[in-house]
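What follows is the content of query_25.cif, which has mmCIF, C-alpha atoms:
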data_query
loop_
_atom_site.group_PDB
_atom_site.id
_atom_site.type_symbol
_atom_site.label_atom_id
_atom_site.label_comp_id
_atom_site.auth_asym_id
_atom_site.auth_seq_id
_atom_site.Cartn_x
_atom_site.Cartn_y
_atom_site.Cartn_z
ATOM 1 C CA MET A 247 0.000 0.000 0.000
ATOM 2 C CA SER A 248 1.406 3.370 -0.967
ATOM 3 C CA PRO A 249 2.109 6.119 1.578
ATOM 4 C CA GLU A 250 -0.601 8.284 -0.027
ATOM 5 C CA TRP A 251 -3.257 5.649 0.750
ATOM 6 C CA LEU A 252 -2.029 5.321 4.326
ATOM 7 C CA THR A 253 -2.273 9.092 4.732
ATOM 8 C CA ALA A 254 -5.775 9.077 3.251
ATOM 9 C CA PHE A 255 -6.936 6.324 5.650
ATOM 10 C CA GLY A 256 -5.307 8.111 8.564
ATOM 11 C CA THR A 257 -7.063 11.368 7.647
ATOM 12 C CA LEU A 258 -10.389 9.567 7.261
ATOM 13 C CA GLY A 259 -9.904 7.863 10.628
ATOM 14 C CA THR A 260 -9.128 11.199 12.282
ATOM 15 C CA PHE A 261 -12.246 12.716 10.733
ATOM 16 C CA VAL A 262 -14.401 9.850 12.075
ATOM 17 C CA VAL A 263 -12.954 10.235 15.590
ATOM 18 C CA ILE A 264 -13.479 14.022 15.584
ATOM 19 C CA ALA A 265 -17.045 13.677 14.236
ATOM 20 C CA ALA A 266 -17.895 11.057 16.876
ATOM 21 C CA SER A 267 -16.431 13.307 19.591
ATOM 22 C CA ALA A 268 -18.496 16.263 18.376
ATOM 23 C CA ILE A 269 -21.688 14.193 18.372
ATOM 24 C CA ALA A 270 -20.936 12.915 21.872
ATOM 25 C CA ALA A 271 -20.322 16.484 23.081
ATOM 26 C CA LEU A 272 -23.635 17.683 21.625
ATOM 27 C CA LEU A 273 -25.488 14.831 23.293
ATOM 28 C CA GLN A 274 -23.797 15.603 26.582
ATOM 29 C CA LEU A 275 -24.728 19.303 26.302
ATOM 30 C CA ARG A 276 -28.340 18.345 25.617
ATOM 31 C CA HIS A 277 -28.320 16.061 28.653
ATOM 32 C CA MET A 278 -26.813 18.816 30.824
ATOM 33 C CA ARG A 279 -29.451 21.299 29.601
ATOM 34 C CA GLY A 280 -32.170 18.836 30.571
ATOM 35 C CA GLY A 281 -30.598 18.449 33.999
ATOM 36 C CA ASN A 282 -30.451 22.223 34.449
ATOM 37 C CA GLN A 283 -34.106 22.500 33.455
ATOM 38 C CA ILE A 284 -35.067 19.871 36.032
ATOM 39 C CA VAL A 285 -33.231 21.830 38.727
ATOM 40 C CA ALA A 286 -34.938 25.100 37.705
ATOM 41 C CA LEU A 287 -38.381 23.451 37.567
ATOM 42 C CA THR A 288 -37.863 21.868 40.978
ATOM 43 C CA GLU A 289 -36.783 25.172 42.531
ATOM 44 C CA CYS A 290 -39.789 26.958 41.047
ATOM 45 C CA ARG A 291 -42.149 24.257 42.292
ATOM 46 C CA GLU A 292 -40.631 24.354 45.774
ATOM 47 C CA LYS A 293 -40.964 28.144 45.926
ATOM 48 C CA LEU A 294 -44.574 28.071 44.698
ATOM 49 C CA GLU A 295 -45.464 25.442 47.305
ATOM 50 C CA SER A 296 -43.627 27.129 50.195
ATOM 51 C CA ASP A 297 -45.592 28.494 53.138
ATOM 52 C CA GLU A 298 -44.027 31.929 52.614
ATOM 53 C CA PHE A 299 -45.195 32.099 49.001
ATOM 54 C CA GLN A 300 -48.685 30.835 49.866
ATOM 55 C CA VAL A 301 -48.972 33.584 52.502
ATOM 56 C CA ALA A 302 -47.813 36.165 49.931
ATOM 57 C CA ARG A 303 -50.363 34.923 47.367
ATOM 58 C CA ARG A 304 -53.109 35.134 49.975
ATOM 59 C CA PHE A 305 -51.900 38.676 50.721
ATOM 60 C CA ILE A 306 -52.302 39.784 47.092
ATOM 61 C CA THR A 307 -55.798 38.303 47.013
ATOM 62 C CA VAL A 308 -57.122 39.463 50.375
ATOM 63 C CA GLU A 309 -55.118 42.437 51.653
ATOM 64 C CA LEU A 310 -53.544 44.168 48.652
ATOM 65 C CA PRO A 311 -56.762 45.588 47.132
ATOM 66 C CA ALA A 312 -57.591 47.431 50.375
ATOM 67 C CA LEU A 313 -54.012 48.653 50.866
ATOM 68 C CA LEU A 314 -53.933 50.113 47.361
ATOM 69 C CA GLN A 315 -56.906 52.324 48.275
ATOM 70 C CA ASP A 316 -54.529 54.334 50.500
ATOM 71 C CA ALA A 317 -53.380 57.332 48.423
ATOM 72 C CA GLU A 318 -50.250 57.924 50.540
ATOM 73 C CA LEU A 319 -49.124 54.305 50.194
ATOM 74 C CA ARG A 320 -49.700 54.452 46.425
ATOM 75 C CA ARG A 321 -47.661 57.665 46.221
ATOM 76 C CA LYS A 322 -44.785 56.082 48.177
ATOM 77 C CA PHE A 323 -44.831 52.998 45.996
ATOM 78 C CA GLN A 324 -44.806 55.081 42.811
ATOM 79 C CA SER A 325 -42.108 57.527 43.788
ATOM 80 C CA GLU A 326 -39.747 56.043 46.359
ATOM 81 C CA PRO A 327 -36.830 53.833 45.315
ATOM 82 C CA THR A 328 -37.605 51.180 47.931
ATOM 83 C CA THR A 329 -40.827 49.279 48.443
ATOM 84 C CA PRO A 330 -42.950 50.245 51.438
ATOM 85 C CA PRO A 331 -42.869 47.305 53.888
ATOM 86 C CA GLU A 332 -46.651 46.923 53.647
ATOM 87 C CA LEU A 333 -46.325 45.947 49.971
ATOM 88 C CA ARG A 334 -43.254 43.719 50.242
ATOM 89 C CA PRO A 335 -45.154 40.386 49.963
ATOM 90 C CA ALA A 336 -46.746 41.517 46.690
ATOM 91 C CA VAL A 337 -43.414 42.668 45.274
ATOM 92 C CA ASN A 338 -41.883 39.309 46.226
ATOM 93 C CA VAL A 339 -44.556 37.496 44.207
ATOM 94 C CA ALA A 340 -44.008 39.777 41.208
ATOM 95 C CA ASN A 341 -40.220 39.381 41.459
ATOM 96 C CA PHE A 342 -40.517 35.591 41.597
ATOM 97 C CA PHE A 343 -42.628 35.508 38.448
ATOM 98 C CA GLU A 344 -40.207 37.969 36.851
ATOM 99 C CA SER A 345 -37.406 35.442 37.378
ATOM 100 C CA MET A 346 -39.552 32.570 36.169
ATOM 101 C CA GLY A 347 -40.480 34.583 33.083
ATOM 102 C CA ALA A 348 -36.793 35.171 32.332
ATOM 103 C CA PHE A 349 -36.102 31.444 32.694
ATOM 104 C CA VAL A 350 -38.847 30.700 30.177
ATOM 105 C CA ARG A 351 -37.889 33.527 27.827
ATOM 106 C CA PHE A 352 -34.270 32.365 27.574
ATOM 107 C CA GLY A 353 -35.057 28.654 27.329
ATOM 108 C CA ILE A 354 -33.845 27.564 30.765
ATOM 109 C CA ILE A 355 -37.367 26.301 31.434
ATOM 110 C CA ASP A 356 -39.405 24.964 28.534
ATOM 111 C CA ARG A 357 -42.339 27.231 27.698
ATOM 112 C CA THR A 358 -44.864 24.400 27.274
ATOM 113 C CA ILE A 359 -43.884 22.758 30.558
ATOM 114 C CA ALA A 360 -44.100 26.048 32.482
ATOM 115 C CA CYS A 361 -47.476 26.904 30.975
ATOM 116 C CA SER A 362 -48.845 23.394 31.519
ATOM 117 C CA LEU A 363 -47.875 23.429 35.177
ATOM 118 C CA TRP A 364 -48.417 27.012 36.263
ATOM 119 C CA CYS A 365 -50.550 28.957 33.767
ATOM 120 C CA GLY A 366 -53.398 29.455 36.222
ATOM 121 C CA VAL A 367 -51.309 30.738 39.098
ATOM 122 C CA VAL A 368 -49.223 32.985 36.830
ATOM 123 C CA ALA A 369 -52.176 34.576 35.019
ATOM 124 C CA GLY A 370 -54.161 34.877 38.252
ATOM 125 C CA SER A 371 -51.275 36.538 40.067
ATOM 126 C CA TRP A 372 -50.714 38.934 37.160
ATOM 127 C CA ASN A 373 -54.369 39.999 37.257
ATOM 128 C CA GLN A 374 -54.319 40.452 41.034
ATOM 129 C CA LEU A 375 -51.092 42.467 40.904
ATOM 130 C CA LEU A 376 -52.091 44.586 37.902
ATOM 131 C CA PRO A 377 -53.117 47.676 39.932
ATOM 132 C CA MET A 378 -49.729 47.632 41.673
ATOM 133 C CA ILE A 379 -47.887 46.983 38.383
ATOM 134 C CA ARG A 380 -49.599 50.020 36.819
ATOM 135 C CA LEU A 381 -48.459 52.193 39.721
ATOM 136 C CA ARG A 382 -44.841 51.061 39.455
ATOM 137 C CA ARG A 383 -44.767 51.445 35.679
ATOM 138 C CA THR A 384 -45.416 55.167 35.985
ATOM 139 C CA ARG A 385 -41.855 55.365 37.343
ATOM 140 C CA ASP A 386 -40.278 52.413 35.544
ATOM 141 C CA PRO A 387 -42.021 51.437 32.277
ATOM 142 C CA ALA A 388 -39.997 48.226 31.935
ATOM 143 C CA VAL A 389 -40.630 46.837 35.414
ATOM 144 C CA TRP A 390 -41.707 43.178 35.513
ATOM 145 C CA GLU A 391 -41.604 42.704 31.735
ATOM 146 C CA PHE A 392 -40.576 39.049 32.033
ATOM 147 C CA PHE A 393 -43.534 38.531 34.387
ATOM 148 C CA GLU A 394 -45.739 40.189 31.769
ATOM 149 C CA TYR A 395 -44.294 37.925 29.066
ATOM 150 C CA LEU A 396 -44.949 34.850 31.193
ATOM 151 C CA ALA A 397 -48.501 35.984 31.987
ATOM 152 C CA ALA A 398 -49.179 36.681 28.291
ATOM 153 C CA ILE A 399 -47.997 33.258 27.108
ATOM 154 C CA CYS A 400 -49.855 31.572 29.977
ATOM 155 C CA THR A 401 -53.075 33.384 29.064
ATOM 156 C CA GLU A 402 -52.632 32.387 25.414
ATOM 157 C CA PHE A 403 -51.874 28.796 26.487
ATOM 158 C CA MET A 404 -55.077 28.607 28.550
ATOM 159 C CA ARG A 405 -57.095 29.874 25.563
ATOM 160 C CA GLU A 406 -55.556 27.284 23.252
ATOM 161 C CA HIS A 407 -55.574 24.430 25.784
ATOM 162 C CA PRO A 408 -58.681 24.471 27.991
ATOM 163 C CA SER A 409 -57.390 21.149 29.324
ATOM 164 C CA THR A 410 -53.859 19.817 29.401
ATOM 165 C CA TYR A 411 -55.138 16.251 29.577
ATOM 166 C CA PRO A 412 -53.748 14.271 26.625
ATOM 167 C CA ARG A 413 -56.270 14.017 23.788
ATOM 168 C CA GLY A 414 -57.574 10.485 23.349
ATOM 169 C CA ALA A 415 -56.177 9.224 26.680
ATOM 170 C CA PRO A 416 -58.631 7.317 28.879
ATOM 171 C CA ARG A 417 -60.143 9.201 31.823
ATOM 172 C CA MET A 418 -60.903 7.946 35.312
ATOM 173 C CA ASN A 419 -64.479 7.877 36.548
ATOM 174 C CA VAL A 420 -64.633 10.415 39.365
ATOM 175 C CA GLY A 421 -68.375 9.899 39.864
ATOM 176 C CA GLU A 422 -70.554 11.921 42.173
ATOM 177 C CA ASP A 423 -69.417 13.429 45.460
ATOM 178 C CA PRO A 424 -70.821 11.129 48.171
ATOM 179 C CA GLY A 425 -70.995 13.979 50.705
#

Rewrite the structure from the file as structure tokens, please.
Amino acid sequence: MSPEWLTAFGTLGTFVVIAASAIAALLQLRHMRGGNQIVALTECREKLESDEFQVARRFITVELPALLQDAELRRKFQSEPTTPPELRPAVNVANFFESMGAFVRFGIIDRTIACSLWCGVVAGSWNQLLPMIRLRRTRDPAVWEFFEYLAAICTEFMREHPSTYPRGAPRMNVGEDPG
């Protein structure tokens, strides 16, 4: 066999090894991305289910509407650089969904998974916080834009998917409530 053929086989062999290495690297990156998404989803779920977050969500439902009737508190919230302590639980909820919205926007958390799991709580929280968001946007027009993005895609998702139950899958008989 001539030296030219040996060189050709050697080059081909090198190409095969490099191509296989590149494919393996891409698969590993995909696997790592999936692992990162699982971590992000788990952290979001844990936060949403925490006692602190449940108290804050109850706050935005029960207490926030009455607090926002106070003109002085609204003025402070609009104009001061820090949040009045009375409104801190509501801001914490908005900030959490802001982070979640960024995770979805940049592909750290899959959009369909996030919407399937949390569309109701996201859209509901957006609607409950809207009066406060309007106040803050008079000072900072870009505040909570990732939260807005997340609420918008969740609202669209709920319109397009009234149920997330798989089409054609069998359902369980839940029957009548015996009580």

**Request:** With the file shown as input, list the residues that the PyMOL selection byres ((chain A and resi 401-411) around 12) selects, as a ChimeraX atom specification.
**Result:** /A:357-373,394-400,412-418

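Selection check: the PyMOL selection byres ((chain A and resi 320) around 12) on the shown file gives Leu310, Pro311, Ala312, Leu313, Leu314, Gln315, Asp316, Ala317, Glu318, Leu319, Arg321, Lys322, Phe323, Gln324, Ser325, Glu326, Thr329, Pro330, Glu332, Leu333, Pro377, Met378, Ile379, Arg380, Leu381, Arg382 and Thr384 of chain A.
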
Deliver the residues from the most recent selection as a file, using C-alpha atoms, as a PDB file, in the frame of the given file.
ATOM      1  CA  LEU A 310     -53.544  44.168  48.652  1.00  0.00           C
ATOM      2  CA  PRO A 311     -56.762  45.588  47.132  1.00  0.00           C
ATOM      3  CA  ALA A 312     -57.591  47.431  50.375  1.00  0.00           C
ATOM      4  CA  LEU A 313     -54.012  48.653  50.866  1.00  0.00           C
ATOM      5  CA  LEU A 314     -53.933  50.113  47.361  1.00  0.00           C
ATOM      6  CA  GLN A 315     -56.906  52.324  48.275  1.00  0.00           C
ATOM      7  CA  ASP A 316     -54.529  54.334  50.500  1.00  0.00           C
ATOM      8  CA  ALA A 317     -53.380  57.332  48.423  1.00  0.00           C
ATOM      9  CA  GLU A 318     -50.250  57.924  50.540  1.00  0.00           C
ATOM     10  CA  LEU A 319     -49.124  54.305  50.194  1.00  0.00           C
ATOM     11  CA  ARG A 321     -47.661  57.665  46.221  1.00  0.00           C
ATOM     12  CA  LYS A 322     -44.785  56.082  48.177  1.00  0.00           C
ATOM     13  CA  PHE A 323     -44.831  52.998  45.996  1.00  0.00           C
ATOM     14  CA  GLN A 324     -44.806  55.081  42.811  1.00  0.00           C
ATOM     15  CA  SER A 325     -42.108  57.527  43.788  1.00  0.00           C
ATOM     16  CA  GLU A 326     -39.747  56.043  46.359  1.00  0.00           C
ATOM     17  CA  THR A 329     -40.827  49.279  48.443  1.00  0.00           C
ATOM     18  CA  PRO A 330     -42.950  50.245  51.438  1.00  0.00           C
ATOM     19  CA  GLU A 332     -46.651  46.923  53.647  1.00  0.00           C
ATOM     20  CA  LEU A 333     -46.325  45.947  49.971  1.00  0.00           C
ATOM     21  CA  PRO A 377     -53.117  47.676  39.932  1.00  0.00           C
ATOM     22  CA  MET A 378     -49.729  47.632  41.673  1.00  0.00           C
ATOM     23  CA  ILE A 379     -47.887  46.983  38.383  1.00  0.00           C
ATOM     24  CA  ARG A 380     -49.599  50.020  36.819  1.00  0.00           C
ATOM     25  CA  LEU A 381     -48.459  52.193  39.721  1.00  0.00           C
ATOM     26  CA  ARG A 382     -44.841  51.061  39.455  1.00  0.00           C
ATOM     27  CA  THR A 384     -45.416  55.167  35.985  1.00  0.00           C
TER      28      THR A 384
END

**Fill in**
Separating atom CA of A:Phe305 from atom CA of A:Ile355, to the nearest tenth of an Å, is a gap of 27.1 Å

**Request:** Can you work out the spacing between atom CA of A:Pro387 and atom CA of A:Leu287 in Å, to one decimal?
**Result:** 28.7 Å

**Request:** Take the PyMOL selection byres ((chain A and resi 286) around 12), apply it to the structure above, and return the hits as a ChimeraX atom specification.
**Result:** /A:279-285,287-293,345-350,353-356,359-360

Got time to write the residues from that selection, C-alpha atoms, as a PDB file, keeping the file's coordinate frame?
ATOM      1  CA  ARG A 279     -29.451  21.299  29.601  1.00  0.00           C
ATOM      2  CA  GLY A 280     -32.170  18.836  30.571  1.00  0.00           C
ATOM      3  CA  GLY A 281     -30.598  18.449  33.999  1.00  0.00           C
ATOM      4  CA  ASN A 282     -30.451  22.223  34.449  1.00  0.00           C
ATOM      5  CA  GLN A 283     -34.106  22.500  33.455  1.00  0.00           C
ATOM      6  CA  ILE A 284     -35.067  19.871  36.032  1.00  0.00           C
ATOM      7  CA  VAL A 285     -33.231  21.830  38.727  1.00  0.00           C
ATOM      8  CA  LEU A 287     -38.381  23.451  37.567  1.00  0.00           C
ATOM      9  CA  THR A 288     -37.863  21.868  40.978  1.00  0.00           C
ATOM     10  CA  GLU A 289     -36.783  25.172  42.531  1.00  0.00           C
ATOM     11  CA  CYS A 290     -39.789  26.958  41.047  1.00  0.00           C
ATOM     12  CA  ARG A 291     -42.149  24.257  42.292  1.00  0.00           C
ATOM     13  CA  GLU A 292     -40.631  24.354  45.774  1.00  0.00           C
ATOM     14  CA  LYS A 293     -40.964  28.144  45.926  1.00  0.00           C
ATOM     15  CA  SER A 345     -37.406  35.442  37.378  1.00  0.00           C
ATOM     16  CA  MET A 346     -39.552  32.570  36.169  1.00  0.00           C
ATOM     17  CA  GLY A 347     -40.480  34.583  33.083  1.00  0.00           C
ATOM     18  CA  ALA A 348     -36.793  35.171  32.332  1.00  0.00           C
ATOM     19  CA  PHE A 349     -36.102  31.444  32.694  1.00  0.00           C
ATOM     20  CA  VAL A 350     -38.847  30.700  30.177  1.00  0.00           C
ATOM     21  CA  GLY A 353     -35.057  28.654  27.329  1.00  0.00           C
ATOM     22  CA  ILE A 354     -33.845  27.564  30.765  1.00  0.00           C
ATOM     23  CA  ILE A 355     -37.367  26.301  31.434  1.00  0.00           C
ATOM     24  CA  ASP A 356     -39.405  24.964  28.534  1.00  0.00           C
ATOM     25  CA  ILE A 359     -43.884  22.758  30.558  1.00  0.00           C
ATOM     26  CA  ALA A 360     -44.100  26.048  32.482  1.00  0.00           C
TER      27      ALA A 360
END

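Atom CA of A:Ala340 is found 15.5 Å from atom CA of A:Glu309.
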
**Prompt:** Which residues come within 9 Å of A:Val339, counting only C-alpha atoms, excluding same-chain residues fewer than 3 positions away, as a list in words?
**Reply:** Phe299, Ala302, Arg303, Ile306, Arg334, Pro335, Ala336, Phe342, Phe343, Glu344, Ser371 and Leu375 of chain A

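Shortest separation to A:Asn338 among A:Ala388, A:Leu376, A:Val420, A:Val301 occurs at residue A:Val301, atoms counted being only C-alpha atoms.
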
Report as AutoDock Vina command-line options the centre and the edge lengths, in Å to one decimal, of the axis-aligned box holding every listed atom of stretch 375-390 of chain A, padded by 4 Å on each side.
--center_x -46.6 --center_y 48.9 --center_z 36.8 --size_x 21.1 --size_y 20.9 --size_z 17.7
